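Below is one structure, written out as structure tokens; the observations come after it.
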Amino acid sequence: MYDTDVMDQLERTVELVRDAVGTELVGMYLHGSAVLGGLAPASDLDVLAVTRRSLGNRQRRSLLEGLLEISGLTSTVRPVELTVVVQSEVRPWRFPPAGDFLYGEWLREEYEAGGIPQPGPMPDLALVLTMALSGDRPLTGPRPAEVLAPVPHADLVRASVAGIPELLTELDEDTRNVLLTLARIWATLATGEIKPKDAAADWALARLSPEHRTVLEHARNLYRTCHYQDETWSDELKTRVRPHVEDVLTRINDLRRRQE
């Protein structure tokens with residue numbers, strides 16, 4: 001199913017969480033690219049862990065220390081994104097949900113400087129839980145449908161658009177991912193389905209006018225073929241990014257208003 005490097009990272013992640021959480025662990029589930037359409041060269045390994053109670057400080061430090069070793073950004077080590085949620089915070093479902101712990105490579109600098117992941121509102125959990133449920137890929141524990149409650153479409157919409165302002169602040173530094181994520185938000189609002197990023201780009205490209213297709217085609221091709229450190233953007237493409245984003249945001253806002 002996956003290569004040995006991926007399997008090793010997943011096994012190490014599961015063991016790390018088991019050791020830190022112990023009998024309070026309900027289950028662990030794949031989500032994201034691994035269940036939507038397959039891992040691309042730069043895809044994270046997205047893992048959801050469900051616990052019976054909130055983590056203590058010692059558990060948080062243990063998880064963080066382990067993840068800083070397991071996760072990475074090289075040709076053989078993928079970024080691990082670990083989300084921990086207390087079951088009673090998401091079943092029964094309510095919005096916005098609260099997350100208990102979040103690790104991702106974009107947070108590495110903060111955590112290496114001494115930060116510790118803390119509980120807090122996490123609207124994105126609506127997307128994470130939906131992907132975990134549809135993917136149905138337990139790493140340990142019962143099937144996700146026995147552990148998690150389904151998320152209403154209205155809350156998928158709310159969660160999708162809630163992250164747009166923060167996403168846009170990363171446009172210059174993480175252009176590929178921002179463009180693909182906006183395409184997926186647009187597709188989710190229109191279809192009710194969370195698509196793989198490249199499939200969402202395909203869906204969006206069929207609906208964009210020709211002048212706005214070029215940058216998304218480039219982002220999709222980068223996603224399919226290369227690591228972040230290997231990607232390039234010409235000056236001409238860079239000038240087309242913001243007009244493309246403005247067009248997609250207009251379409252997202254139109255759909256959101258119609259669904260409110």
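In the structure tokens, the first chain shown is A, the next is B, and so on; residue numbers restart at 1 for each chain, and ligands run from 1 in the order shown.
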
Checklist line | Filtered DSSP result for stretch 73-246 of chain A, state alpha helix (DSSP H), as a ChimeraX atom specification | finding: /A:87-90,108-112,125-135,153-162,164-168,175-191,197-205,214-225,235-246

Checklist line | Distance query stretch 204-221 of chain A at most 9 Å, only C-alpha atoms, self and fewer than 3 positions along chain excluded, as a VMD selection string | finding: chain A and resid 175 to 177 179 to 180 183 to 184 186 to 187 197 to 201 224 to 226 233 237 to 238 240 to 241 243 to 245 247 to 248

Margin query: Report, in Å with one decimal, the straight-line distance from atom CA of A:Thr83 to atom CA of A:Leu48.
Written below: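 According to the coordinates, atom CA of A:Thr83 and atom CA of A:Leu48 are separated by 4.9 Å.
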
Margin query: Based on the backbone DSSP call, show me all residues of stretch 24-221 of chain A assigned strand (DSSP E or B), as an MDAnalysis selection string.
Written below: chainID A and resid 25:31 45:51 80:86 98:99 101:103 120:121 138:140

I need the residues from that last selection saved to file as a compact mmCIF listing (two decimals), in the first residue's frame (with N, CA, C and O atoms), if you can.
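Below is the file that was written, selection.txt:
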```
# COMPACT_ATOMS: atom_id res chain seq x y z
N LEU A 25 -6.20 6.08 25.04
CA LEU A 25 -6.31 6.15 23.58
C LEU A 25 -7.49 5.32 23.09
O LEU A 25 -7.59 4.14 23.39
N VAL A 26 -8.38 5.95 22.34
CA VAL A 26 -9.54 5.26 21.76
C VAL A 26 -9.18 4.67 20.41
O VAL A 26 -9.47 3.51 20.11
N GLY A 27 -8.55 5.46 19.54
CA GLY A 27 -8.18 4.98 18.22
C GLY A 27 -7.40 6.03 17.46
O GLY A 27 -7.36 7.21 17.85
N MET A 28 -6.74 5.60 16.37
CA MET A 28 -5.99 6.50 15.50
C MET A 28 -6.37 6.24 14.06
O MET A 28 -6.53 5.07 13.65
N TYR A 29 -6.49 7.31 13.27
CA TYR A 29 -7.09 7.21 11.95
C TYR A 29 -6.34 8.07 10.94
O TYR A 29 -5.96 9.21 11.23
N LEU A 30 -6.14 7.51 9.75
CA LEU A 30 -5.59 8.30 8.65
C LEU A 30 -6.64 9.24 8.10
O LEU A 30 -7.83 8.92 8.07
N HIS A 31 -6.20 10.40 7.63
CA HIS A 31 -7.08 11.29 6.87
C HIS A 31 -6.21 12.01 5.85
O HIS A 31 -5.05 11.64 5.62
N LEU A 45 1.72 13.11 6.18
CA LEU A 45 1.02 11.95 6.75
C LEU A 45 0.09 12.50 7.81
O LEU A 45 0.53 12.91 8.89
N ASP A 46 -1.20 12.54 7.50
CA ASP A 46 -2.20 13.15 8.38
C ASP A 46 -2.82 12.08 9.27
O ASP A 46 -3.44 11.13 8.77
N VAL A 47 -2.68 12.26 10.58
CA VAL A 47 -3.14 11.27 11.54
C VAL A 47 -4.01 11.95 12.59
O VAL A 47 -3.64 12.99 13.14
N LEU A 48 -5.15 11.34 12.86
CA LEU A 48 -6.06 11.78 13.91
C LEU A 48 -6.02 10.76 15.05
O LEU A 48 -6.19 9.57 14.82
N ALA A 49 -5.78 11.24 16.27
CA ALA A 49 -5.85 10.38 17.45
C ALA A 49 -7.01 10.84 18.32
O ALA A 49 -7.18 12.03 18.57
N VAL A 50 -7.83 9.89 18.75
CA VAL A 50 -8.99 10.18 19.60
C VAL A 50 -8.71 9.62 20.99
O VAL A 50 -8.33 8.44 21.13
N THR A 51 -8.88 10.45 22.01
CA THR A 51 -8.59 10.05 23.38
C THR A 51 -9.85 10.19 24.25
O THR A 51 -10.81 10.83 23.87
N VAL A 80 4.72 14.82 9.34
CA VAL A 80 3.60 14.19 10.04
C VAL A 80 2.75 15.30 10.65
O VAL A 80 3.27 16.19 11.32
N GLU A 81 1.47 15.26 10.36
CA GLU A 81 0.53 16.17 11.03
C GLU A 81 -0.33 15.32 11.96
O GLU A 81 -1.09 14.48 11.50
N LEU A 82 -0.18 15.54 13.26
CA LEU A 82 -0.93 14.78 14.25
C LEU A 82 -1.93 15.70 14.94
O LEU A 82 -1.55 16.72 15.52
N THR A 83 -3.19 15.31 14.87
CA THR A 83 -4.25 16.01 15.58
C THR A 83 -4.80 15.07 16.65
O THR A 83 -5.13 13.92 16.35
N VAL A 84 -4.88 15.56 17.88
CA VAL A 84 -5.46 14.78 18.97
C VAL A 84 -6.74 15.47 19.41
O VAL A 84 -6.76 16.69 19.61
N VAL A 85 -7.81 14.70 19.56
CA VAL A 85 -9.09 15.25 19.98
C VAL A 85 -9.69 14.34 21.06
O VAL A 85 -9.56 13.11 20.99
N VAL A 86 -10.29 14.95 22.05
CA VAL A 86 -11.00 14.20 23.09
C VAL A 86 -12.37 13.81 22.53
O VAL A 86 -13.10 14.65 22.01
N ALA A 98 -13.42 21.55 19.52
CA ALA A 98 -12.16 21.86 20.20
C ALA A 98 -11.17 20.73 19.94
O ALA A 98 -11.51 19.56 20.05
N GLY A 99 -9.96 21.10 19.62
CA GLY A 99 -8.88 20.14 19.50
C GLY A 99 -8.04 20.15 20.77
O GLY A 99 -8.02 21.14 21.52
N PHE A 101 -4.59 18.80 20.79
CA PHE A 101 -3.16 18.84 20.49
C PHE A 101 -3.03 18.87 18.98
O PHE A 101 -3.73 18.16 18.28
N LEU A 102 -2.10 19.69 18.48
CA LEU A 102 -1.85 19.74 17.03
C LEU A 102 -0.37 19.89 16.78
O LEU A 102 0.28 20.80 17.31
N TYR A 103 0.18 18.99 15.97
CA TYR A 103 1.56 19.12 15.50
C TYR A 103 1.57 19.13 13.99
O TYR A 103 0.95 18.28 13.34
N GLY A 120 -7.74 24.00 22.24
CA GLY A 120 -8.39 25.22 21.79
C GLY A 120 -9.35 24.96 20.65
O GLY A 120 -9.40 23.84 20.11
N PRO A 121 -10.14 25.97 20.26
CA PRO A 121 -11.07 25.81 19.14
C PRO A 121 -10.31 25.42 17.87
O PRO A 121 -9.23 25.95 17.60
N PRO A 138 -8.51 2.92 10.02
CA PRO A 138 -7.95 2.92 11.37
C PRO A 138 -6.51 2.42 11.38
O PRO A 138 -6.18 1.43 10.71
N LEU A 139 -5.66 3.11 12.12
CA LEU A 139 -4.30 2.63 12.37
C LEU A 139 -4.26 1.77 13.62
O LEU A 139 -3.43 0.87 13.76
N THR A 140 -5.16 2.07 14.55
CA THR A 140 -5.38 1.26 15.73
C THR A 140 -6.73 1.64 16.30
O THR A 140 -7.20 2.76 16.13
```

Item checked: Distance criterion (only C-alpha atoms): nearest to A:Leu156 out of A:Arg91, A:Trp203, A:Glu231, A:Gln259 -> A:Gln259

Margin query: So that I can check the surroundings of stretch 147-153 of chain A, please list as JSON, numbers by chain every protein, DNA and RNA residue that reaches within 9 Å of it, counting only C-alpha atoms and ignoring chain neighbours fewer than 6 positions away.
Written below: {"A": [26, 27, 50, 87, 90, 91, 92, 93, 94, 126, 127, 129, 130, 132, 133, 189, 192]}

Output file for the selection above: all heavy atoms, as a short mmCIF file (atom, residue, chain, number, x, y, z; two decimals), in the first residue's frame:
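Output (selection.cif):
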```cif
data_model
loop_
_atom_site.label_atom_id
_atom_site.label_comp_id
_atom_site.auth_asym_id
_atom_site.auth_seq_id
_atom_site.Cartn_x
_atom_site.Cartn_y
_atom_site.Cartn_z
N VAL A 26 -8.38 5.95 22.34
CA VAL A 26 -9.54 5.26 21.76
C VAL A 26 -9.18 4.67 20.41
O VAL A 26 -9.47 3.51 20.11
CB VAL A 26 -10.74 6.23 21.61
CG1 VAL A 26 -11.92 5.52 20.94
CG2 VAL A 26 -11.14 6.79 22.96
N GLY A 27 -8.55 5.46 19.54
CA GLY A 27 -8.18 4.98 18.22
C GLY A 27 -7.40 6.03 17.46
O GLY A 27 -7.36 7.21 17.85
N VAL A 50 -7.83 9.89 18.75
CA VAL A 50 -8.99 10.18 19.60
C VAL A 50 -8.71 9.62 20.99
O VAL A 50 -8.33 8.44 21.13
CB VAL A 50 -10.28 9.55 19.02
CG1 VAL A 50 -11.48 9.91 19.88
CG2 VAL A 50 -10.50 10.02 17.57
N GLN A 87 -12.71 12.54 22.64
CA GLN A 87 -13.93 12.03 22.00
C GLN A 87 -15.16 12.82 22.42
O GLN A 87 -16.02 13.14 21.59
CB GLN A 87 -14.12 10.55 22.32
CG GLN A 87 -15.30 9.93 21.56
CD GLN A 87 -15.44 8.45 21.84
OE1 GLN A 87 -15.01 7.96 22.89
NE2 GLN A 87 -16.06 7.71 20.93
N VAL A 90 -16.23 15.94 20.40
CA VAL A 90 -16.72 15.85 19.01
C VAL A 90 -17.85 14.84 18.85
O VAL A 90 -18.40 14.69 17.75
CB VAL A 90 -15.57 15.50 18.04
CG1 VAL A 90 -14.56 16.65 17.99
CG2 VAL A 90 -14.88 14.19 18.43
N ARG A 91 -18.19 14.13 19.91
CA ARG A 91 -19.34 13.21 19.85
C ARG A 91 -20.11 13.31 21.14
O ARG A 91 -19.61 12.89 22.19
CB ARG A 91 -18.85 11.77 19.62
CG ARG A 91 -20.01 10.79 19.44
CD ARG A 91 -19.49 9.44 19.01
NE ARG A 91 -20.59 8.51 18.84
CZ ARG A 91 -20.49 7.28 18.35
NH1 ARG A 91 -19.31 6.83 17.97
NH2 ARG A 91 -21.52 6.51 18.23
N PRO A 92 -21.31 13.91 21.12
CA PRO A 92 -22.03 14.43 19.95
C PRO A 92 -21.33 15.64 19.33
O PRO A 92 -20.64 16.38 20.03
CB PRO A 92 -23.40 14.80 20.51
CG PRO A 92 -23.16 15.06 21.96
CD PRO A 92 -22.07 14.11 22.37
N TRP A 93 -21.56 15.81 18.04
CA TRP A 93 -20.92 16.88 17.29
C TRP A 93 -21.50 18.23 17.66
O TRP A 93 -22.70 18.37 17.87
CB TRP A 93 -21.10 16.65 15.79
CG TRP A 93 -20.67 17.83 14.98
CD1 TRP A 93 -21.46 18.77 14.40
CD2 TRP A 93 -19.31 18.22 14.70
NE1 TRP A 93 -20.70 19.71 13.77
CE2 TRP A 93 -19.37 19.41 13.94
CE3 TRP A 93 -18.07 17.68 15.03
CZ2 TRP A 93 -18.23 20.06 13.49
CZ3 TRP A 93 -16.93 18.32 14.58
CH2 TRP A 93 -17.01 19.49 13.83
N ARG A 94 -20.61 19.26 17.73
CA ARG A 94 -21.05 20.65 17.80
C ARG A 94 -19.96 21.52 17.18
O ARG A 94 -18.81 21.10 17.06
CB ARG A 94 -21.35 21.11 19.23
CG ARG A 94 -20.20 21.10 20.19
CD ARG A 94 -20.11 19.79 20.87
NE ARG A 94 -19.40 19.85 22.15
CZ ARG A 94 -19.10 18.77 22.82
NH1 ARG A 94 -19.42 17.57 22.37
NH2 ARG A 94 -18.47 18.87 23.98
N ALA A 126 -13.78 19.78 11.56
CA ALA A 126 -14.93 19.35 10.75
C ALA A 126 -14.46 18.64 9.49
O ALA A 126 -15.04 17.62 9.07
CB ALA A 126 -15.79 20.56 10.39
N LEU A 127 -13.39 19.15 8.88
CA LEU A 127 -12.84 18.53 7.68
C LEU A 127 -12.06 17.26 8.03
O LEU A 127 -12.18 16.24 7.35
CB LEU A 127 -11.91 19.53 6.98
CG LEU A 127 -12.53 20.88 6.64
CD1 LEU A 127 -11.47 21.84 6.13
CD2 LEU A 127 -13.63 20.73 5.61
N LEU A 129 -12.42 15.20 10.60
CA LEU A 129 -13.31 14.10 10.97
C LEU A 129 -14.05 13.55 9.76
O LEU A 129 -14.23 12.33 9.64
CB LEU A 129 -14.31 14.56 12.04
CG LEU A 129 -13.87 14.38 13.50
CD1 LEU A 129 -12.57 15.10 13.80
CD2 LEU A 129 -14.96 14.86 14.45
N THR A 130 -14.46 14.44 8.87
CA THR A 130 -15.16 13.97 7.67
C THR A 130 -14.25 13.10 6.82
O THR A 130 -14.67 12.05 6.30
CB THR A 130 -15.66 15.18 6.86
OG1 THR A 130 -16.60 15.91 7.65
CG2 THR A 130 -16.35 14.74 5.57
N ALA A 132 -11.61 11.41 7.90
CA ALA A 132 -11.34 10.17 8.64
C ALA A 132 -12.51 9.19 8.51
O ALA A 132 -12.30 7.98 8.35
CB ALA A 132 -11.07 10.49 10.11
N LEU A 133 -13.72 9.72 8.58
CA LEU A 133 -14.90 8.86 8.45
C LEU A 133 -15.02 8.27 7.06
O LEU A 133 -15.28 7.08 6.89
CB LEU A 133 -16.16 9.66 8.80
CG LEU A 133 -16.39 9.91 10.29
CD1 LEU A 133 -17.40 11.04 10.50
CD2 LEU A 133 -16.88 8.63 10.97
N LEU A 189 -17.65 23.47 -1.19
CA LEU A 189 -18.88 24.24 -1.08
C LEU A 189 -19.85 23.89 -2.20
O LEU A 189 -21.06 23.82 -1.98
CB LEU A 189 -18.58 25.74 -1.10
CG LEU A 189 -18.43 26.40 0.28
CD1 LEU A 189 -17.25 25.82 1.04
CD2 LEU A 189 -18.27 27.91 0.13
N GLY A 192 -20.19 19.43 -1.82
CA GLY A 192 -20.35 18.75 -0.55
C GLY A 192 -19.35 17.65 -0.32
O GLY A 192 -19.41 16.93 0.68
#
```

Item checked: Contact residues around A:Asp5 with only C-alpha atoms at 8 Å, ignoring same-chain residues under 4 positions, as a PyMOL selection string -> chain A and resi 9+76-77

Export N, CA and C atoms of the chosen residues as an mmCIF file, in the first residue's frame?
```
data_model
loop_
_atom_site.group_PDB
_atom_site.id
_atom_site.type_symbol
_atom_site.label_atom_id
_atom_site.label_comp_id
_atom_site.auth_asym_id
_atom_site.auth_seq_id
_atom_site.Cartn_x
_atom_site.Cartn_y
_atom_site.Cartn_z
ATOM 1 N N GLN A 9 7.211 5.450 9.346
ATOM 2 C CA GLN A 9 6.786 6.673 10.027
ATOM 3 C C GLN A 9 5.432 6.499 10.712
ATOM 4 N N THR A 76 13.028 11.248 2.063
ATOM 5 C CA THR A 76 12.634 9.970 2.665
ATOM 6 C C THR A 76 11.814 10.135 3.939
ATOM 7 N N VAL A 77 11.738 11.341 4.476
ATOM 8 C CA VAL A 77 10.977 11.597 5.700
ATOM 9 C C VAL A 77 9.876 12.603 5.399
#
```

Notebook entry, point to check: For A:Val35, which residue among A:Pro142, A:Ile185, A:Leu171, A:Tyr2 is the nearest when counting only C-alpha atoms?
Noted result: A:Tyr2
